[in-house]
$ cat structure_29.cif   # mmCIF, C-alpha atoms and all ligand atoms
data_run
loop_
_atom_site.label_atom_id
_atom_site.label_comp_id
_atom_site.auth_asym_id
_atom_site.auth_seq_id
_atom_site.Cartn_x
_atom_site.Cartn_y
_atom_site.Cartn_z
CA MET A 1 0.00 0.00 0.00
CA GLY A 2 3.05 2.26 -0.05
CA ASP A 3 3.76 2.59 3.67
CA VAL A 4 6.51 -0.02 3.74
CA THR A 5 8.87 -1.48 1.17
CA ALA A 6 8.85 -5.12 0.11
CA GLU A 7 12.23 -5.55 1.84
CA GLN A 8 10.90 -4.16 5.13
CA LEU A 9 7.98 -6.58 4.97
CA TYR A 10 10.28 -9.48 4.17
CA ASP A 11 12.61 -8.62 7.06
CA ALA A 12 9.73 -8.31 9.54
CA PHE A 13 8.23 -11.64 8.46
CA TYR A 14 11.64 -13.33 8.48
CA GLU A 15 12.37 -12.19 12.04
CA GLN A 16 9.01 -13.56 13.22
CA ALA A 17 9.37 -16.86 11.38
CA GLN A 18 12.89 -17.39 12.67
CA ALA A 19 11.81 -16.72 16.26
CA LEU A 20 8.91 -19.14 15.90
CA ARG A 21 11.19 -21.82 14.48
CA GLU A 22 13.70 -21.34 17.30
CA GLY A 23 10.80 -21.55 19.74
CA GLY A 24 9.91 -24.97 18.36
CA ALA A 25 7.13 -24.30 15.84
CA ASP A 26 6.68 -26.94 13.14
CA ALA A 27 4.64 -24.76 10.85
CA VAL A 28 3.36 -21.24 10.41
CA CYS A 29 0.04 -20.05 9.10
CA ILE A 30 0.12 -16.77 7.23
CA GLU A 31 -3.53 -15.77 7.33
CA THR A 32 -6.06 -13.07 6.54
CA MET A 33 -4.00 -12.06 3.51
CA MET A 34 -5.57 -9.78 0.91
CA ASP A 35 -2.66 -8.71 -1.24
CA ALA A 36 -0.50 -11.08 -3.31
CA ASP A 37 2.69 -9.04 -2.94
CA GLU A 38 2.51 -9.02 0.86
CA ALA A 39 1.61 -12.71 1.05
CA VAL A 40 4.50 -13.62 -1.24
CA GLN A 41 6.97 -11.74 0.97
CA ALA A 42 5.61 -13.53 4.04
CA VAL A 43 5.83 -16.98 2.42
CA ARG A 44 9.32 -16.39 1.07
CA ALA A 45 10.53 -15.20 4.46
CA ALA A 46 8.92 -18.11 6.33
CA LYS A 47 10.43 -20.66 3.93
CA ALA A 48 13.84 -18.98 4.20
CA ALA A 49 13.74 -19.32 8.00
CA GLY A 50 13.98 -23.06 7.37
CA GLY A 51 12.28 -26.14 8.77
CA LEU A 52 8.76 -24.74 8.75
CA ASP A 53 5.75 -25.93 6.79
CA VAL A 54 4.14 -22.78 5.49
CA MET A 55 0.41 -22.33 5.11
CA ALA A 56 -0.91 -19.19 3.46
CA THR A 57 -4.59 -18.28 3.44
CA PHE A 58 -6.49 -15.29 2.11
CA THR A 59 -9.74 -13.65 3.16
CA PHE A 60 -12.36 -13.45 0.40
CA GLU A 61 -15.66 -11.66 0.16
CA ARG A 62 -18.51 -12.60 -2.14
CA THR A 63 -19.16 -10.03 -4.87
CA LYS A 64 -22.57 -9.06 -6.22
CA GLN A 65 -21.85 -11.36 -9.16
CA GLY A 66 -21.38 -14.27 -6.77
CA THR A 67 -17.62 -14.57 -7.32
CA TYR A 68 -15.08 -14.31 -4.52
CA ARG A 69 -12.36 -11.67 -4.27
CA THR A 70 -10.01 -10.33 -1.64
CA MET A 71 -10.26 -6.65 -0.72
CA MET A 72 -7.48 -6.09 -3.27
CA GLY A 73 -9.48 -7.81 -6.02
CA LEU A 74 -7.62 -11.12 -6.05
CA SER A 75 -9.49 -14.33 -6.96
CA PRO A 76 -8.96 -17.55 -4.98
CA ALA A 77 -7.20 -19.16 -7.95
CA ASP A 78 -4.80 -16.24 -8.46
CA ALA A 79 -4.13 -15.84 -4.74
CA ALA A 80 -3.23 -19.52 -4.46
CA ARG A 81 -1.01 -19.38 -7.55
CA ALA A 82 0.97 -16.49 -6.08
CA VAL A 83 1.75 -18.20 -2.77
CA LEU A 84 2.37 -21.63 -4.32
CA ASP A 85 4.94 -20.06 -6.64
CA ALA A 86 6.54 -18.46 -3.56
CA GLY A 87 6.86 -21.90 -1.92
CA ALA A 88 3.73 -22.28 0.21
CA ASP A 89 2.95 -25.86 1.29
CA VAL A 90 -0.74 -25.24 1.97
CA ILE A 91 -3.24 -22.85 0.35
CA GLY A 92 -6.74 -21.84 1.38
CA ALA A 93 -9.04 -19.31 2.97
CA ASN A 94 -9.77 -17.95 6.43
CA CYS A 95 -12.23 -15.48 7.91
CA GLY A 96 -14.75 -13.43 5.95
CA ASN A 97 -17.14 -16.33 5.40
CA GLY A 98 -18.88 -19.15 7.18
CA MET A 99 -18.45 -22.78 6.13
CA GLU A 100 -21.30 -22.52 3.64
CA ARG A 101 -19.61 -19.93 1.42
CA MET A 102 -16.17 -21.43 1.99
CA ALA A 103 -17.43 -24.42 0.01
CA ASP A 104 -17.64 -22.22 -3.10
CA ILE A 105 -14.04 -21.14 -2.60
CA VAL A 106 -12.76 -24.68 -2.06
CA GLU A 107 -14.63 -25.81 -5.17
CA GLU A 108 -12.85 -23.13 -7.22
CA LEU A 109 -9.46 -24.04 -5.76
CA ARG A 110 -9.92 -27.80 -6.09
CA ASN A 111 -10.90 -27.49 -9.76
CA ILE A 112 -7.43 -26.11 -10.47
CA TYR A 113 -5.23 -27.45 -7.67
CA LYS A 114 -5.92 -31.20 -7.56
CA GLU A 115 -3.10 -32.32 -5.26
CA GLU A 116 -2.31 -29.27 -3.12
CA TYR A 117 -3.28 -29.17 0.53
CA ILE A 118 -6.21 -26.86 1.22
CA LEU A 119 -6.91 -25.27 4.62
CA VAL A 120 -10.13 -23.51 5.67
CA HIS A 121 -10.64 -21.57 8.88
CA ALA A 122 -14.23 -20.31 8.65
CA ASN A 123 -16.18 -17.94 10.83
CA ALA A 124 -19.19 -19.22 12.76
CA GLY A 125 -21.49 -17.92 10.03
CA LEU A 126 -21.79 -14.38 8.69
CA PRO A 127 -21.68 -11.74 11.43
CA ARG A 128 -24.78 -9.82 12.46
CA ASN A 129 -24.91 -6.58 14.38
CA GLU A 130 -27.08 -6.92 17.44
CA ASN A 131 -27.36 -3.78 19.60
CA GLY A 132 -23.93 -2.59 18.52
CA GLU A 133 -22.30 -5.95 19.09
CA THR A 134 -20.95 -8.27 16.41
CA VAL A 135 -22.57 -11.69 16.73
CA TYR A 136 -21.65 -14.85 14.84
CA PRO A 137 -24.87 -16.84 14.54
CA GLU A 138 -23.93 -20.45 13.85
CA THR A 139 -24.08 -23.05 16.60
CA PRO A 140 -21.38 -25.73 16.70
CA GLN A 141 -23.81 -28.21 15.13
CA GLU A 142 -24.77 -25.84 12.30
CA MET A 143 -21.15 -25.06 11.55
CA ALA A 144 -20.24 -28.75 11.48
CA ALA A 145 -23.21 -29.52 9.21
CA HIS A 146 -21.97 -26.95 6.67
CA ALA A 147 -18.41 -28.24 7.03
CA GLU A 148 -19.41 -31.63 5.71
CA LYS A 149 -19.49 -30.28 2.14
CA LEU A 150 -16.00 -28.86 2.54
CA LEU A 151 -14.69 -32.27 3.46
CA ASP A 152 -16.53 -33.79 0.48
CA LEU A 153 -14.76 -31.25 -1.76
CA GLY A 154 -11.35 -32.33 -0.49
CA THR A 155 -10.49 -29.79 2.19
CA ASN A 156 -7.47 -31.20 4.06
CA ILE A 157 -7.34 -28.97 7.14
CA ILE A 158 -10.41 -27.47 8.73
CA GLY A 159 -10.88 -25.11 11.66
CA GLY A 160 -12.45 -21.96 12.99
CA CYS A 161 -11.88 -18.22 12.80
CA CYS A 162 -14.06 -15.42 14.18
CA GLY A 163 -16.95 -16.45 16.41
CA THR A 164 -15.83 -20.02 16.87
CA THR A 165 -15.51 -21.45 20.38
CA PRO A 166 -13.99 -24.66 21.75
CA ALA A 167 -17.46 -26.21 21.30
CA HIS A 168 -17.38 -25.40 17.57
CA ILE A 169 -13.94 -26.99 17.20
CA GLN A 170 -15.16 -30.02 19.13
CA ALA A 171 -18.09 -30.40 16.71
CA LEU A 172 -15.71 -30.19 13.73
CA ARG A 173 -13.39 -32.76 15.33
CA LEU A 174 -16.32 -35.15 15.90
CA LEU A 175 -17.41 -34.69 12.29
CA VAL A 176 -13.95 -35.52 10.97
CA ASP A 177 -13.66 -38.54 13.29
CA ALA A 178 -17.11 -39.82 12.31
CA ARG A 179 -16.06 -39.88 8.65
CA GLY A 180 -13.12 -42.13 9.50
ZN ZN A 201 -11.82 -14.31 11.44
#

$ encode --input "structure_29.cif" --output "structure tokens" --more "lines below"
Ligand SMILES: [Zn+2]
Amino acid sequence: MGDVTAEQLYDAFYEQAQALREGGADAVCIETMMDADEAVQAVRAAKAAGGLDVMATFTFERTKQGTYRTMMGLSPADAARAVLDAGADVIGANCGNGMERMADIVEELRNIYKEEYILVHANAGLPRNENGETVYPETPQEMAAHAEKLLDLGTNIIGGCCGTTPAHIQALRLLVDARG
């Protein structure tokens, strides 16, 4: 966006990734990305720190046309291409959508990326404003019911973002276990 240079971003991400690796992390998740250039710097830096599996996920919003784009106008396919080329081990989406809409995004990714690992961290539904407070409406059971389609589509790693509680994660875990 012009406030920092690519090198400054790279250095900041590298310092964080190196500290995490020294602290014993096996992997890092670069999440809530919207811009390809920033995500690429983060992935490159995390891979350069060594010994870390690197996941990189973007946040998409549904457009009026029913397609999905990041705030910077990036499609799921193009976002994934950028971070895969930078060395990411896992692609996907987090935040911005509940499980139901995440299925559309996974479908788009899986059509193109047949073998790559896909991660989804969804919100507990789409937020509502109730008396000035942001509320995420889905119960653990509702979220898990919508997650079933994501697993059918070949999502490899599944979890929660905004509005999810330990009970939501428990419901997702039980769903995955029940499928064997
Ligand atoms: Zn979130």

$ residues_near_ligand --input "structure_29.cif" --ligand "ligand ZN 201 (chain A)" --cutoff "6 Å" --atoms "all atoms listed in the file" --output "list in words"
Cys95, Asn123, Cys161 and Cys162 of chain A

$ closest_residue --input "structure_29.cif" --among "A:Gly50, A:Gly87, A:Gly92, A:Gly98" --to "A:Arg62" --atoms "only C-alpha atoms"
A:Gly98

$ residues_around --input "structure_29.cif" --residues "stretch 16-30 of chain A" --least-positions-apart "5" --cutoff "7 Å" --atoms "only C-alpha atoms" --output "number ranges by chain"
A: 46, 49, 52-57

$ closest_residue --input "structure_29.cif" --among "A:Arg81, A:Lys149, A:Lys64, A:Arg69" --to "A:Val106" --atoms "all atoms listed in the file"
A:Lys149

$ closest_residue --input "structure_29.cif" --among "A:Pro137, A:Gly154, A:Pro166, A:Gly66" --to "A:Gly125" --atoms "only C-alpha atoms"
A:Pro137

$ residues_around --input "structure_29.cif" --residues "A:Ala6" --least-positions-apart "3" --cutoff "8 Å" --atoms "all atoms listed in the file" --output "VMD selection string"
chain A and resid 9 to 10 37 to 38 41

$ residues_around --input "structure_29.cif" --residues "A:Asn94" --least-positions-apart "4" --cutoff "12 Å" --atoms "all atoms listed in the file" --output "PyMOL selection string"
chain A and resi 29-34+55-61+70+76+98-99+101-103+105-106+118-124+157-162

$ atom_distance --input "structure_29.cif" --atom1 "atom CA of A:Thr164" --atom2 "atom CA of A:Ala93"
15.5 Å

$ atom_distance --input "structure_29.cif" --atom1 "atom CA of A:Leu126" --atom2 "atom CA of A:Asp35"
22.3 Å

$ atom_distance --input "structure_29.cif" --atom1 "atom CA of A:Ala86" --atom2 "atom CA of A:Tyr14"
14.0 Å

$ residues_around --input "structure_29.cif" --residues "A:Ala77" --least-positions-apart "5" --cutoff "8 Å" --atoms "all atoms listed in the file" --output "list of chain:residue names"
A:Glu108, A:Leu109, A:Ile112

$ closest_residue --input "structure_29.cif" --among "A:Glu15, A:Glu130, A:Asp152, A:Glu115" --to "A:Val90" --atoms "all atoms listed in the file"
A:Glu115

$ closest_residue --input "structure_29.cif" --among "A:Glu116, A:Glu7, A:Thr155, A:Gly163" --to "A:Thr139" --atoms "all atoms listed in the file"
A:Gly163

$ decode --input "structure_29.cif" --residues "stretch 127-150 of chain A" --atoms "N, CA and C atoms" --output "PDB file, in the first residue's frame"
ATOM      1  N   PRO A 127     -21.386 -12.533  10.232  1.00  0.00           N
ATOM      2  CA  PRO A 127     -21.680 -11.736  11.425  1.00  0.00           C
ATOM      3  C   PRO A 127     -22.937 -10.867  11.268  1.00  0.00           C
ATOM      4  N   ARG A 128     -23.632 -10.725  12.377  1.00  0.00           N
ATOM      5  CA  ARG A 128     -24.780  -9.815  12.460  1.00  0.00           C
ATOM      6  C   ARG A 128     -24.482  -8.788  13.532  1.00  0.00           C
ATOM      7  N   ASN A 129     -25.050  -7.606  13.352  1.00  0.00           N
ATOM      8  CA  ASN A 129     -24.907  -6.579  14.377  1.00  0.00           C
ATOM      9  C   ASN A 129     -26.143  -6.583  15.257  1.00  0.00           C
ATOM     10  N   GLU A 130     -25.946  -6.913  16.500  1.00  0.00           N
ATOM     11  CA  GLU A 130     -27.081  -6.916  17.438  1.00  0.00           C
ATOM     12  C   GLU A 130     -26.787  -5.939  18.573  1.00  0.00           C
ATOM     13  N   ASN A 131     -27.531  -4.827  18.582  1.00  0.00           N
ATOM     14  CA  ASN A 131     -27.362  -3.782  19.600  1.00  0.00           C
ATOM     15  C   ASN A 131     -25.901  -3.327  19.710  1.00  0.00           C
ATOM     16  N   GLY A 132     -25.294  -3.100  18.540  1.00  0.00           N
ATOM     17  CA  GLY A 132     -23.925  -2.594  18.515  1.00  0.00           C
ATOM     18  C   GLY A 132     -22.861  -3.641  18.760  1.00  0.00           C
ATOM     19  N   GLU A 133     -23.277  -4.886  18.887  1.00  0.00           N
ATOM     20  CA  GLU A 133     -22.300  -5.955  19.090  1.00  0.00           C
ATOM     21  C   GLU A 133     -22.285  -6.894  17.898  1.00  0.00           C
ATOM     22  N   THR A 134     -21.077  -7.337  17.519  1.00  0.00           N
ATOM     23  CA  THR A 134     -20.953  -8.274  16.410  1.00  0.00           C
ATOM     24  C   THR A 134     -21.214  -9.691  16.921  1.00  0.00           C
ATOM     25  N   VAL A 135     -22.187 -10.344  16.299  1.00  0.00           N
ATOM     26  CA  VAL A 135     -22.570 -11.685  16.731  1.00  0.00           C
ATOM     27  C   VAL A 135     -22.415 -12.657  15.573  1.00  0.00           C
ATOM     28  N   TYR A 136     -21.786 -13.797  15.849  1.00  0.00           N
ATOM     29  CA  TYR A 136     -21.654 -14.850  14.839  1.00  0.00           C
ATOM     30  C   TYR A 136     -22.701 -15.919  15.158  1.00  0.00           C
ATOM     31  N   PRO A 137     -23.630 -16.147  14.200  1.00  0.00           N
ATOM     32  CA  PRO A 137     -24.869 -16.843  14.539  1.00  0.00           C
ATOM     33  C   PRO A 137     -24.822 -18.372  14.583  1.00  0.00           C
ATOM     34  N   GLU A 138     -23.823 -18.999  13.978  1.00  0.00           N
ATOM     35  CA  GLU A 138     -23.927 -20.455  13.850  1.00  0.00           C
ATOM     36  C   GLU A 138     -23.564 -21.195  15.141  1.00  0.00           C
ATOM     37  N   THR A 139     -24.389 -22.170  15.477  1.00  0.00           N
ATOM     38  CA  THR A 139     -24.079 -23.045  16.604  1.00  0.00           C
ATOM     39  C   THR A 139     -22.997 -24.037  16.148  1.00  0.00           C
ATOM     40  N   PRO A 140     -22.362 -24.712  17.087  1.00  0.00           N
ATOM     41  CA  PRO A 140     -21.379 -25.727  16.699  1.00  0.00           C
ATOM     42  C   PRO A 140     -21.957 -26.761  15.734  1.00  0.00           C
ATOM     43  N   GLN A 141     -23.197 -27.187  15.979  1.00  0.00           N
ATOM     44  CA  GLN A 141     -23.813 -28.214  15.132  1.00  0.00           C
ATOM     45  C   GLN A 141     -24.077 -27.683  13.728  1.00  0.00           C
ATOM     46  N   GLU A 142     -24.520 -26.433  13.633  1.00  0.00           N
ATOM     47  CA  GLU A 142     -24.765 -25.839  12.304  1.00  0.00           C
ATOM     48  C   GLU A 142     -23.465 -25.687  11.528  1.00  0.00           C
ATOM     49  N   MET A 143     -22.433 -25.247  12.224  1.00  0.00           N
ATOM     50  CA  MET A 143     -21.148 -25.061  11.552  1.00  0.00           C
ATOM     51  C   MET A 143     -20.608 -26.402  11.051  1.00  0.00           C
ATOM     52  N   ALA A 144     -20.724 -27.428  11.878  1.00  0.00           N
ATOM     53  CA  ALA A 144     -20.240 -28.755  11.481  1.00  0.00           C
ATOM     54  C   ALA A 144     -21.058 -29.306  10.317  1.00  0.00           C
ATOM     55  N   ALA A 145     -22.364 -29.032  10.309  1.00  0.00           N
ATOM     56  CA  ALA A 145     -23.213 -29.522   9.212  1.00  0.00           C
ATOM     57  C   ALA A 145     -22.760 -28.908   7.887  1.00  0.00           C
ATOM     58  N   HIS A 146     -22.454 -27.606   7.887  1.00  0.00           N
ATOM     59  CA  HIS A 146     -21.972 -26.951   6.665  1.00  0.00           C
ATOM     60  C   HIS A 146     -20.569 -27.434   6.296  1.00  0.00           C
ATOM     61  N   ALA A 147     -19.807 -27.826   7.285  1.00  0.00           N
ATOM     62  CA  ALA A 147     -18.411 -28.243   7.030  1.00  0.00           C
ATOM     63  C   ALA A 147     -18.345 -29.566   6.280  1.00  0.00           C
ATOM     64  N   GLU A 148     -19.408 -30.326   6.371  1.00  0.00           N
ATOM     65  CA  GLU A 148     -19.407 -31.634   5.706  1.00  0.00           C
ATOM     66  C   GLU A 148     -19.111 -31.487   4.206  1.00  0.00           C
ATOM     67  N   LYS A 149     -19.708 -30.483   3.578  1.00  0.00           N
ATOM     68  CA  LYS A 149     -19.493 -30.281   2.138  1.00  0.00           C
ATOM     69  C   LYS A 149     -18.028 -29.944   1.849  1.00  0.00           C
ATOM     70  N   LEU A 150     -17.402 -29.201   2.746  1.00  0.00           N
ATOM     71  CA  LEU A 150     -15.995 -28.859   2.540  1.00  0.00           C
ATOM     72  C   LEU A 150     -15.108 -30.099   2.540  1.00  0.00           C
TER      73      LEU A 150
END
